[in-house]
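J.: Have a look at the structure that comes next, please.
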2 protein chains.
Amino acid sequence: MSESAITALHSSPNAQFRPVPIGAWRLDDAFWAPRIAQMREVTLPDQWQRLVEFGHLDNFRRAAGADLPFRGVFFNDSDLYKWLEAANWALAHGAEPWLEARIDEAIALIAAAQRKDGYINTYFSREREKERWTNLDLHELYCAGHLIQAAVAHHRVTGSRTLLDIATKFANHLCDRFGPNQQRKQVWADGHQEIELALVELYRETGEARFLDQAQLFVDVRGRGALGRPYDRWESTYHQDHLPLKEMTTLEGHAVRAMYYLAGGADLALETGDPDLITALERLWEDTRLRKLYVSGGLGARHEGEAFGDAYELPNATAYAESCAAIGSVMFHHRMLHLTGDGRYADFLEYTLYNAVLPGIGLDGTTYFYENPLSDRGGHRRQPWYRVACCPPNIARTIAAMPGYAASVGEGGIFLHLYLNGTVEVPLDNGRTVTLRIATRYPWDGGIDISVDSPGTFALNLRIPTWAFGARLEVGDFAADVPIEPGGYATVRRQWRAGDTVHLDFPMVVRRIVSHPAVVENANRVALRRGPLLYAIEGTDHPDTEVRDLILPDESEIAPSWRMDVLGGMTVLTADAMSPTPDPGWDRWLYRTLPDAQARKVVLKHRILTAIPYFAWANRAPGAMQVWLRRASHDG
Amino acid sequence: MSESAITALHSSPNAQFRPVPIGAWRLDDAFWAPRIAQMREVTLPDQWQRLVEFGHLDNFRRAAGADLPFRGVFFNDSDLYKWLEAANWALAHGAEPWLEARIDEAIALIAAAQRKDGYINTYFSREREKERWTNLDLHELYCAGHLIQAAVAHHRVTGSRTLLDIATKFANHLCDRFGPNQQRKQVWADGHQEIELALVELYRETGEARFLDQAQLFVDVRGRGALGRPYDRWESTYHQDHLPLKEMTTLEGHAVRAMYYLAGGADLALETGDPDLITALERLWEDTRLRKLYVSGGLGARHEGEAFGDAYELPNATAYAESCAAIGSVMFHHRMLHLTGDGRYADFLEYTLYNAVLPGIGLDGTTYFYENPLSDRGGHRRQPWYRVACCPPNIARTIAAMPGYAASVGEGGIFLHLYLNGTVEVPLDNGRTVTLRIATRYPWDGGIDISVDSPGTFALNLRIPTWAFGARLEVGDFAADVPIEPGGYATVRRQWRAGDTVHLDFPMVVRRIVSHPAVVENANRVALRRGPLLYAIEGTDHPDTEVRDLILPDESEIAPSWRMDVLGGMTVLTADAMSPTPDPGWDRWLYRTLPDAQARKVVLKHRILTAIPYFAWANRAPGAMQVWLRRASHDG
């Protein structure tokens, strides 16, 4: 088994447990296995083609001396690095010669583009070489961070040091330039966070303490004019440079940057155990989940600055909720879970993965959302690529790495965070490996059968999702006599014999969610959730009906049913609903006076409401979509 | 009487009537007279001080050779020009030596900064002189337009040609550069519309047809890559360069630019009568009023790009509704009113003036809003100046010019659009002047007494606002036997004797407004309007109550009362209302499941709701504000 944990927390003194590597899993399910196969066979080849087409690879050839123009945006190198990281995690699922050849080809290009001093950035090459590090909003450190993450993935999955050596040389260069012993005594931080978590990971991979120190320095300098140029309050908030991390009480500014920042902060906390930092991270997430989190797990309300809004500013149609911000959120929760052992972080991780990352990619595996609104009139469709193409390879690396989020192991035993159908070989602390066979139709079904195929004494910790009230746990044929608390882990500690079985059952109740009264747009509306999945309704299932106005009465029973004919197989929700016949008065007015506007009695027609998982929306004929459903025909 | 009509429509062949000059009015009321006095005595001196302080005047000295740095933004010249225009309209109300001296001082600076070829722009002077006209998104033509508008105002009010000659020389220069006979055969348009309407006005003022032709050219070129550089769909829409004006079906992009564009288009239509252009303008406004107009008259839903949103995208707390967009809307409606004679345009003009322009300036006369949200949690406060200071002098010129919007005269007689207390001397077509004395407490009261102080035979056309159902009209002691249709004009045509009186009465009913169901944020909410004024509630009048949640039941009677102690004298609305006691469950959750979230019965406490005119909000202690009020305690 290759070492392929997505974060190396073996040595982190403050980690409660360490992730079970991707390569330890053999998935065999109807949900994730086909997605990962598609990622390897369709998505990554398609993205490689885009990288070729849009000049990402040529930019490296140019930096190495070829007579070619620079193409694209200044941070384009990061797209290739994210693709490389994705390709390496994809290899952890099994060999794939075409991918291996492309990885080697990319690494050779990167090696050739590296300058003697270790620096790599194709935008700042040749005629722009003297502009290096003059404007840290041009993402040189951001790109360096993604190079490092790709190198770490390559090393963990393949054992090869080729890319790791390149990245280490660059990291040493930037530590010389920005480190505590530099001549200038001036530390700047990058406009876009990413280098912080990458350097901690590089420290874990290489054992070089200077990388950890440098990550600490980049976090510490922020909030004090870190970009080294004057800017106004809006701009400093945009960059999270308005306050030091430990003094921030709410997330503001660019949402992706903020989430990468928090993930880097959590990485630091895992290494240093700094209690003030941990308190700050917990406080910031608490504020976010209470005031700035979409019901999908999406983050970032505003298009302007791709930013968090004010408290309770969570518009649906104009939600930004960038796919990359959700990915940053997954990284953050993964780290916080390992830092605290608190199962609620696994809950957020899972929920974000299913409902905020997955919508970012089409069922075709080759189209992507940058923004993820929660209602739409039919115009928002996934695109095959973007001029700013951060999201596509970012989604690829997250899906390829997904099993790495599923389980952890440590002194406390084995922890199952996500329920995947397949086999996992867990390396225990005592050097032995335990094989678990897991059979489940999760997330469609709440039944999970776990077979322990190796004997031994260890604790099996099973995450009970926060929504799983009434969860049941059986060991062998008997109900387990252990606490089963939603939001925590049910711990079965015993001497296992090979073939022992555990059965978990989560009631998959359809739940109606309402939101805080301050989110004015969601008044008189419910969202539907079943298990870890958020649901939405689409126009294509509701002809002649404005989905915005479709009414789901509180007393209407909602029936889940498995529908093989819908989008390749989905659990669909149906319910009796009503549709008000439109009042033609509204064709002529935007505003009307009372009581005139209510003179015409609303006539309701019976309809069948059909909801599909939100992650699968916009995969059929274009049409309106709505997450928040009307509860009553009258407004008040 | 000096000639001081804000638009010269005397010669416009397609104008239904022409504006009665500002100088024809002697205001003597409690609403506008003090505001105009404050404009002359407080606002304009304060703004002049800012212009001095922030280097606007020094930039002209620098362009003329002084050894000073350029300060501020590239379009800063326009701030001085708008101030100059405001100062000249302010002089139309009566002599003011300090203002006259400042006007002369500014004109001397502008004259000294003008290049031999006529060009003036302090940003593109000296070392940047060779960059002239290389990037038309840097507002050289926009600044030229505001110079022309200032020059036209100066000429109309004072009769002096000093500034008009400077502006004409510049206009000739830019016609040479961008006109049909230029060498390059390449016409670009400015990133920010303004030059179009300014050139039509200069044509009216000078009779020079080339200025009209040039305005036509600038309108015709737009929609065809007018900025002369490649940009994407977002950017071309931002600049209204995605489609020719006549092909646009909905307003998109930057709202201020769009409204200036429409105003310029209407000016062209007034001169050319082009039926396709008129149809396009009417269609665009119809679409806007049906789908993109805030209940305040504000325009522009999005911060990103200061732009129009999609249809029905009208968020309240994050509304952009820039003061300048409202000013553009007033200019547009003024022109459309004169083009069509349709009183509904006067209605929009009045409503926008009271509810979308006036909120832009504080009751202190020295602080301004750039954005005008319709709900707020207390953080949005007027500022004494802005780095991009377009709004303050723009509001000043609009208020100073206000009486110019009030009346028109033409073959059809005298038209009263706005009801102001005071005296107006109307120059009839037959060369005689008719003096009207108008006594009213409008907008607080609906009674208007008009005394005709000059004998003669002419028609008096009195606008009946669209909301004035049940309006009564008496001539002498008798009810007038003429049609009185809200949205139109009541026409009294007779042989008047000196001392004849007319009495108009508009029932000032408080109206509850509801909005189109597609504006999801306003569901279960009403706005209050009385006469031409929109109302709002503020936290300062509702201690211990969340104004967002204050409930005004449909059956609750709303009582208007004049309150001398409120904000210097306002008609305030009060009503029995209710406030739900907060559910502490919402302190711990952003989302909750049903029925848990409703287990706790809502307890309602009686409150007195107090609403003040929206234009006067944020003039007391900071606190929340809400235009759209909840109708019922239950959501559904």
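Identifiers in this document derive from the order of the structure tokens: chains are assigned A, B, ..., residues are numbered from 1 separately in each chain, and ligands are numbered from 1 in order of occurrence.
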Near chain A, meaning an atom within 7 Å, which residues of chain B appear when counting only C-alpha atoms? Write them as a list in words.
T.: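 For chain B, the answer reads Arg289, Leu290, Arg291, His303, Glu304, Arg511, Arg512, Ile513, Val514, Ser515, His516, Val520, Glu521, Ala523, Asn524, Trp586, Arg588, Trp589, Leu590, Tyr591, Arg592, Thr593, Leu594, Arg631, Ala632, His634, Asp635 and Gly636 of chain B.
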J.: For Gly343 in chain A, list every protein, DNA or RNA residue within 9 Å, evaluated using only C-alpha atoms, and leave out those in the same chain fewer than 6 positions away; present the list as a PyMOL selection string.
T.: chain A and resi 337+417+463-466+486-489
J.: Selection from above, C-alpha atoms, as a short mmCIF file (atom, residue, chain, number, x, y, z; two decimals), in the first residue's frame, can you write it?
T.:
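Result saved to result-v1.cif:
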```cif
data_model
loop_
_atom_site.label_atom_id
_atom_site.label_comp_id
_atom_site.auth_asym_id
_atom_site.auth_seq_id
_atom_site.Cartn_x
_atom_site.Cartn_y
_atom_site.Cartn_z
CA LEU A 337 -11.70 17.34 12.86
CA HIS A 417 -16.22 9.73 9.27
CA ARG A 463 -19.66 8.85 13.34
CA ILE A 464 -23.31 9.52 14.10
CA PRO A 465 -24.35 12.44 11.85
CA THR A 466 -25.96 15.40 13.61
CA PRO A 486 -25.83 12.64 16.95
CA GLY A 487 -22.79 14.81 16.27
CA GLY A 488 -20.43 12.39 18.02
CA TYR A 489 -18.93 8.96 17.56
#
```
J.: For the strand (DSSP E or B) assignment from backbone DSSP, which residues of range 496-597 of chain A qualify? Please present them as a PyMOL selection string.
T.: chain A and resi 496+500-505+510-515+525-530+533-538+551+558-563+570-580+591-593
J.: To one decimal in Å, tell me the separation between CA of Lys169 in chain A and CA of Arg222 in chain A.
T.: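 Rounded to one decimal, the two atoms are 24.6 Å apart.
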J.: Work out how far CA of Gly264 in chain B is from CA of Ala113 in chain B, in Å to one decimal.
T.: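 Between these atoms lies a distance of 27.4 Å.
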J.: Rounded to one decimal, what separation in Å do you get between CA of Ala64 in chain A and CA of Lys116 in chain A?
T.: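 Computing the Euclidean distance for CA of Ala64 in chain A and CA of Lys116 in chain A yields 11.5 Å.
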J.: Rank A:Thr540, A:Gln193, A:Thr545, A:Gln240 by their smallest atom-to-atom distance to Tyr260 in chain A, using only C-alpha atoms, and report the top residue only.
T.: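 Among the listed residues, the smallest separation from Tyr260 in chain A belongs to A:Gln193.
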J.: Just the residues within 12 Å of Arg497 in chain A, please, counting only C-alpha atoms, with nothing from its chain fewer than 5 positions along; format it as an NGL selection string.
T.: :A and (434-436 or 451-458 or 475-476 or 502)
J.: Those same residues, written as an mmCIF file, in the first residue's frame with N, CA and C atoms?
T.:
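Below you can see selection-v4.cif, which holds the result:
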```cif
data_model
loop_
_atom_site.group_PDB
_atom_site.id
_atom_site.type_symbol
_atom_site.label_atom_id
_atom_site.label_comp_id
_atom_site.auth_asym_id
_atom_site.auth_seq_id
_atom_site.Cartn_x
_atom_site.Cartn_y
_atom_site.Cartn_z
ATOM 1 N N VAL A 434 -5.867 -3.653 9.900
ATOM 2 C CA VAL A 434 -7.211 -4.215 10.045
ATOM 3 C C VAL A 434 -7.981 -3.958 8.756
ATOM 4 N N THR A 435 -8.601 -4.973 8.253
ATOM 5 C CA THR A 435 -9.424 -4.791 7.060
ATOM 6 C C THR A 435 -10.900 -4.724 7.459
ATOM 7 N N LEU A 436 -11.548 -3.664 7.003
ATOM 8 C CA LEU A 436 -12.992 -3.533 7.207
ATOM 9 C C LEU A 436 -13.671 -3.630 5.853
ATOM 10 N N SER A 451 -18.050 -5.266 8.259
ATOM 11 C CA SER A 451 -17.527 -6.569 8.632
ATOM 12 C C SER A 451 -16.049 -6.392 8.962
ATOM 13 N N VAL A 452 -15.679 -6.810 10.172
ATOM 14 C CA VAL A 452 -14.284 -6.696 10.592
ATOM 15 C C VAL A 452 -13.590 -7.985 10.167
ATOM 16 N N ASP A 453 -12.689 -7.899 9.218
ATOM 17 C CA ASP A 453 -12.104 -9.108 8.644
ATOM 18 C C ASP A 453 -10.803 -9.526 9.327
ATOM 19 N N SER A 454 -10.357 -8.722 10.290
ATOM 20 C CA SER A 454 -9.104 -9.056 10.963
ATOM 21 C C SER A 454 -9.368 -9.086 12.461
ATOM 22 N N PRO A 455 -8.817 -10.061 13.155
ATOM 23 C CA PRO A 455 -8.989 -10.108 14.609
ATOM 24 C C PRO A 455 -8.100 -9.072 15.295
ATOM 25 N N GLY A 456 -8.428 -8.718 16.516
ATOM 26 C CA GLY A 456 -7.600 -7.762 17.254
ATOM 27 C C GLY A 456 -8.436 -6.968 18.239
ATOM 28 N N THR A 457 -7.763 -6.274 19.133
ATOM 29 C CA THR A 457 -8.463 -5.460 20.117
ATOM 30 C C THR A 457 -8.259 -3.992 19.782
ATOM 31 N N PHE A 458 -9.312 -3.373 19.441
ATOM 32 C CA PHE A 458 -9.240 -1.940 19.102
ATOM 33 C C PHE A 458 -10.640 -1.365 19.163
ATOM 34 N N VAL A 475 -23.993 -4.814 17.257
ATOM 35 C CA VAL A 475 -22.734 -5.537 17.068
ATOM 36 C C VAL A 475 -23.118 -7.013 17.098
ATOM 37 N N GLY A 476 -22.822 -7.681 15.999
ATOM 38 C CA GLY A 476 -23.354 -9.034 15.849
ATOM 39 C C GLY A 476 -24.864 -8.926 15.826
ATOM 40 N N VAL A 502 -20.892 -5.396 12.342
ATOM 41 C CA VAL A 502 -21.516 -4.250 13.001
ATOM 42 C C VAL A 502 -22.573 -3.724 12.046
#
```
J.: Leaving out Pro45 in chain A and any residue of its chain fewer than 5 positions from it, which residues lie within 12 Å of it when counting only C-alpha atoms, given as an mmCIF file with all heavy atoms, in the first residue's frame?
T.:
```cif
data_model
loop_
_atom_site.group_PDB
_atom_site.id
_atom_site.type_symbol
_atom_site.label_atom_id
_atom_site.label_comp_id
_atom_site.auth_asym_id
_atom_site.auth_seq_id
_atom_site.Cartn_x
_atom_site.Cartn_y
_atom_site.Cartn_z
ATOM 1 N N ALA A 37 -13.974 6.896 -11.057
ATOM 2 C CA ALA A 37 -13.582 6.329 -12.358
ATOM 3 C C ALA A 37 -13.737 7.384 -13.452
ATOM 4 O O ALA A 37 -12.845 7.562 -14.302
ATOM 5 C CB ALA A 37 -14.448 5.101 -12.669
ATOM 6 N N GLN A 38 -14.841 8.104 -13.404
ATOM 7 C CA GLN A 38 -15.060 9.173 -14.385
ATOM 8 C C GLN A 38 -13.979 10.251 -14.252
ATOM 9 O O GLN A 38 -13.505 10.783 -15.265
ATOM 10 C CB GLN A 38 -16.447 9.785 -14.161
ATOM 11 C CG GLN A 38 -16.834 10.847 -15.177
ATOM 12 C CD GLN A 38 -18.098 11.582 -14.763
ATOM 13 O OE1 GLN A 38 -18.189 12.104 -13.655
ATOM 14 N NE2 GLN A 38 -19.077 11.619 -15.660
ATOM 15 N N MET A 39 -13.609 10.556 -13.028
ATOM 16 C CA MET A 39 -12.552 11.540 -12.792
ATOM 17 C C MET A 39 -11.259 11.111 -13.473
ATOM 18 O O MET A 39 -10.593 11.913 -14.131
ATOM 19 C CB MET A 39 -12.350 11.652 -11.269
ATOM 20 C CG MET A 39 -11.339 12.656 -10.794
ATOM 21 S SD MET A 39 -11.672 14.313 -11.367
ATOM 22 C CE MET A 39 -13.395 14.472 -10.866
ATOM 23 N N ARG A 40 -10.928 9.832 -13.337
ATOM 24 C CA ARG A 40 -9.684 9.320 -13.924
ATOM 25 C C ARG A 40 -9.782 9.213 -15.442
ATOM 26 O O ARG A 40 -8.824 9.529 -16.152
ATOM 27 C CB ARG A 40 -9.369 7.935 -13.345
ATOM 28 C CG ARG A 40 -8.802 7.958 -11.931
ATOM 29 C CD ARG A 40 -8.949 6.602 -11.227
ATOM 30 N NE ARG A 40 -8.460 5.472 -11.995
ATOM 31 C CZ ARG A 40 -7.277 4.872 -11.801
ATOM 32 N NH1 ARG A 40 -6.447 5.320 -10.883
ATOM 33 N NH2 ARG A 40 -6.932 3.826 -12.533
ATOM 34 N N ARG A 50 -7.605 20.930 -22.041
ATOM 35 C CA ARG A 50 -7.810 22.379 -21.870
ATOM 36 C C ARG A 50 -6.502 23.060 -21.509
ATOM 37 O O ARG A 50 -6.205 24.158 -21.986
ATOM 38 C CB ARG A 50 -8.814 22.664 -20.742
ATOM 39 C CG ARG A 50 -10.141 21.968 -20.883
ATOM 40 C CD ARG A 50 -11.075 22.683 -21.824
ATOM 41 N NE ARG A 50 -12.213 21.807 -22.094
ATOM 42 C CZ ARG A 50 -13.141 22.060 -23.001
ATOM 43 N NH1 ARG A 50 -13.090 23.148 -23.742
ATOM 44 N NH2 ARG A 50 -14.125 21.217 -23.200
ATOM 45 N N LEU A 51 -5.731 22.431 -20.652
ATOM 46 C CA LEU A 51 -4.461 23.034 -20.236
ATOM 47 C C LEU A 51 -3.534 23.184 -21.442
ATOM 48 O O LEU A 51 -2.840 24.194 -21.584
ATOM 49 C CB LEU A 51 -3.791 22.180 -19.147
ATOM 50 C CG LEU A 51 -4.534 22.117 -17.800
ATOM 51 C CD1 LEU A 51 -3.921 21.049 -16.897
ATOM 52 C CD2 LEU A 51 -4.509 23.470 -17.091
ATOM 53 N N VAL A 52 -3.559 22.181 -22.311
ATOM 54 C CA VAL A 52 -2.753 22.250 -23.546
ATOM 55 C C VAL A 52 -3.277 23.393 -24.420
ATOM 56 O O VAL A 52 -2.530 24.282 -24.836
ATOM 57 C CB VAL A 52 -2.832 20.909 -24.317
ATOM 58 C CG1 VAL A 52 -2.209 21.047 -25.707
ATOM 59 C CG2 VAL A 52 -2.161 19.794 -23.512
ATOM 60 N N TRP A 83 -4.154 20.395 -11.213
ATOM 61 C CA TRP A 83 -4.411 19.209 -12.031
ATOM 62 C C TRP A 83 -3.433 18.093 -11.654
ATOM 63 O O TRP A 83 -3.818 16.930 -11.519
ATOM 64 C CB TRP A 83 -4.274 19.563 -13.524
ATOM 65 C CG TRP A 83 -4.610 18.396 -14.417
ATOM 66 C CD1 TRP A 83 -5.819 18.094 -14.960
ATOM 67 C CD2 TRP A 83 -3.717 17.356 -14.827
ATOM 68 N NE1 TRP A 83 -5.738 16.927 -15.693
ATOM 69 C CE2 TRP A 83 -4.456 16.460 -15.619
ATOM 70 C CE3 TRP A 83 -2.367 17.093 -14.604
ATOM 71 C CZ2 TRP A 83 -3.890 15.321 -16.191
ATOM 72 C CZ3 TRP A 83 -1.799 15.951 -15.176
ATOM 73 C CH2 TRP A 83 -2.564 15.074 -15.967
ATOM 74 N N LEU A 84 -2.173 18.469 -11.462
ATOM 75 C CA LEU A 84 -1.141 17.491 -11.094
ATOM 76 C C LEU A 84 -1.472 16.832 -9.758
ATOM 77 O O LEU A 84 -1.311 15.619 -9.598
ATOM 78 C CB LEU A 84 0.210 18.207 -10.946
ATOM 79 C CG LEU A 84 1.249 18.027 -12.037
ATOM 80 C CD1 LEU A 84 2.512 18.794 -11.658
ATOM 81 C CD2 LEU A 84 1.558 16.548 -12.256
ATOM 82 N N ALA A 86 -4.448 16.517 -8.495
ATOM 83 C CA ALA A 86 -5.596 15.643 -8.762
ATOM 84 C C ALA A 86 -5.150 14.342 -9.410
ATOM 85 O O ALA A 86 -5.586 13.247 -9.033
ATOM 86 C CB ALA A 86 -6.600 16.368 -9.663
ATOM 87 N N ALA A 87 -4.261 14.454 -10.401
ATOM 88 C CA ALA A 87 -3.801 13.268 -11.135
ATOM 89 C C ALA A 87 -3.083 12.302 -10.190
ATOM 90 O O ALA A 87 -3.228 11.079 -10.295
ATOM 91 C CB ALA A 87 -2.886 13.697 -12.278
ATOM 92 N N ALA A 90 -5.531 10.610 -8.039
ATOM 93 C CA ALA A 90 -6.245 9.653 -8.889
ATOM 94 C C ALA A 90 -5.438 8.365 -9.029
ATOM 95 O O ALA A 90 -6.012 7.267 -9.076
ATOM 96 C CB ALA A 90 -6.531 10.269 -10.257
ATOM 97 N N GLU A 96 -2.489 3.874 -13.863
ATOM 98 C CA GLU A 96 -3.160 4.412 -15.056
ATOM 99 C C GLU A 96 -2.046 5.017 -15.921
ATOM 100 O O GLU A 96 -1.652 6.164 -15.705
ATOM 101 C CB GLU A 96 -4.182 5.467 -14.619
ATOM 102 C CG GLU A 96 -4.800 6.281 -15.726
ATOM 103 C CD GLU A 96 -5.547 5.450 -16.739
ATOM 104 O OE1 GLU A 96 -6.448 4.705 -16.348
ATOM 105 O OE2 GLU A 96 -5.186 5.515 -17.947
ATOM 106 N N TRP A 98 -1.605 6.316 -18.833
ATOM 107 C CA TRP A 98 -1.738 7.603 -19.528
ATOM 108 C C TRP A 98 -1.537 8.756 -18.536
ATOM 109 O O TRP A 98 -0.824 9.716 -18.818
ATOM 110 C CB TRP A 98 -3.122 7.696 -20.197
ATOM 111 C CG TRP A 98 -3.287 8.956 -20.993
ATOM 112 C CD1 TRP A 98 -2.941 9.149 -22.305
ATOM 113 C CD2 TRP A 98 -3.797 10.211 -20.514
ATOM 114 N NE1 TRP A 98 -3.204 10.442 -22.682
ATOM 115 C CE2 TRP A 98 -3.729 11.125 -21.606
ATOM 116 C CE3 TRP A 98 -4.295 10.661 -19.302
ATOM 117 C CZ2 TRP A 98 -4.145 12.450 -21.508
ATOM 118 C CZ3 TRP A 98 -4.710 11.982 -19.195
ATOM 119 C CH2 TRP A 98 -4.638 12.868 -20.286
ATOM 120 N N LEU A 99 -2.149 8.609 -17.370
ATOM 121 C CA LEU A 99 -2.012 9.651 -16.352
ATOM 122 C C LEU A 99 -0.573 9.774 -15.889
ATOM 123 O O LEU A 99 -0.042 10.878 -15.722
ATOM 124 C CB LEU A 99 -2.882 9.328 -15.131
ATOM 125 C CG LEU A 99 -4.280 9.912 -15.049
ATOM 126 C CD1 LEU A 99 -4.902 9.567 -13.696
ATOM 127 C CD2 LEU A 99 -4.265 11.444 -15.227
ATOM 128 N N GLU A 100 0.071 8.625 -15.676
ATOM 129 C CA GLU A 100 1.464 8.643 -15.209
ATOM 130 C C GLU A 100 2.357 9.359 -16.216
ATOM 131 O O GLU A 100 3.231 10.155 -15.843
ATOM 132 C CB GLU A 100 1.961 7.207 -14.961
ATOM 133 C CG GLU A 100 1.359 6.621 -13.686
ATOM 134 C CD GLU A 100 1.419 5.089 -13.634
ATOM 135 O OE1 GLU A 100 2.412 4.512 -14.113
ATOM 136 O OE2 GLU A 100 0.450 4.490 -13.117
ATOM 137 N N ALA A 101 2.108 9.097 -17.491
ATOM 138 C CA ALA A 101 2.926 9.742 -18.533
ATOM 139 C C ALA A 101 2.715 11.253 -18.531
ATOM 140 O O ALA A 101 3.661 12.036 -18.678
ATOM 141 C CB ALA A 101 2.580 9.147 -19.905
ATOM 142 N N ARG A 102 1.455 11.676 -18.354
ATOM 143 C CA ARG A 102 1.167 13.122 -18.331
ATOM 144 C C ARG A 102 1.798 13.782 -17.102
ATOM 145 O O ARG A 102 2.286 14.893 -17.164
ATOM 146 C CB ARG A 102 -0.351 13.377 -18.318
ATOM 147 C CG ARG A 102 -1.122 12.943 -19.562
ATOM 148 C CD ARG A 102 -0.758 13.680 -20.817
ATOM 149 N NE ARG A 102 0.450 13.202 -21.456
ATOM 150 C CZ ARG A 102 0.589 12.001 -22.056
ATOM 151 N NH1 ARG A 102 -0.387 11.130 -22.099
ATOM 152 N NH2 ARG A 102 1.744 11.685 -22.612
ATOM 153 N N ILE A 103 1.754 13.066 -15.988
ATOM 154 C CA ILE A 103 2.368 13.598 -14.765
ATOM 155 C C ILE A 103 3.865 13.795 -15.003
ATOM 156 O O ILE A 103 4.420 14.866 -14.695
ATOM 157 C CB ILE A 103 2.115 12.638 -13.571
ATOM 158 C CG1 ILE A 103 0.630 12.687 -13.178
ATOM 159 C CG2 ILE A 103 3.007 13.004 -12.381
ATOM 160 C CD1 ILE A 103 0.218 11.615 -12.166
ATOM 161 N N GLY A 365 -19.064 15.083 -16.024
ATOM 162 C CA GLY A 365 -17.658 15.082 -15.608
ATOM 163 C C GLY A 365 -16.780 16.078 -16.333
ATOM 164 O O GLY A 365 -15.562 16.094 -16.131
ATOM 165 N N THR A 366 -17.373 16.908 -17.176
ATOM 166 C CA THR A 366 -16.544 17.835 -17.956
ATOM 167 C C THR A 366 -17.080 19.271 -17.963
ATOM 168 O O THR A 366 -16.613 20.095 -18.749
ATOM 169 C CB THR A 366 -16.438 17.374 -19.435
ATOM 170 O OG1 THR A 366 -17.756 17.205 -19.949
ATOM 171 C CG2 THR A 366 -15.665 16.077 -19.539
ATOM 172 N N PRO A 393 -9.954 22.181 -11.900
ATOM 173 C CA PRO A 393 -8.977 21.240 -11.331
ATOM 174 C C PRO A 393 -9.060 21.147 -9.809
ATOM 175 O O PRO A 393 -8.634 20.148 -9.228
ATOM 176 C CB PRO A 393 -7.627 21.807 -11.779
ATOM 177 C CG PRO A 393 -7.872 23.246 -12.045
ATOM 178 C CD PRO A 393 -9.293 23.353 -12.496
ATOM 179 N N ALA A 396 -11.548 18.541 -9.219
ATOM 180 C CA ALA A 396 -10.936 17.253 -9.574
ATOM 181 C C ALA A 396 -10.070 16.735 -8.433
ATOM 182 O O ALA A 396 -10.170 15.570 -8.044
ATOM 183 C CB ALA A 396 -10.102 17.410 -10.851
#
```
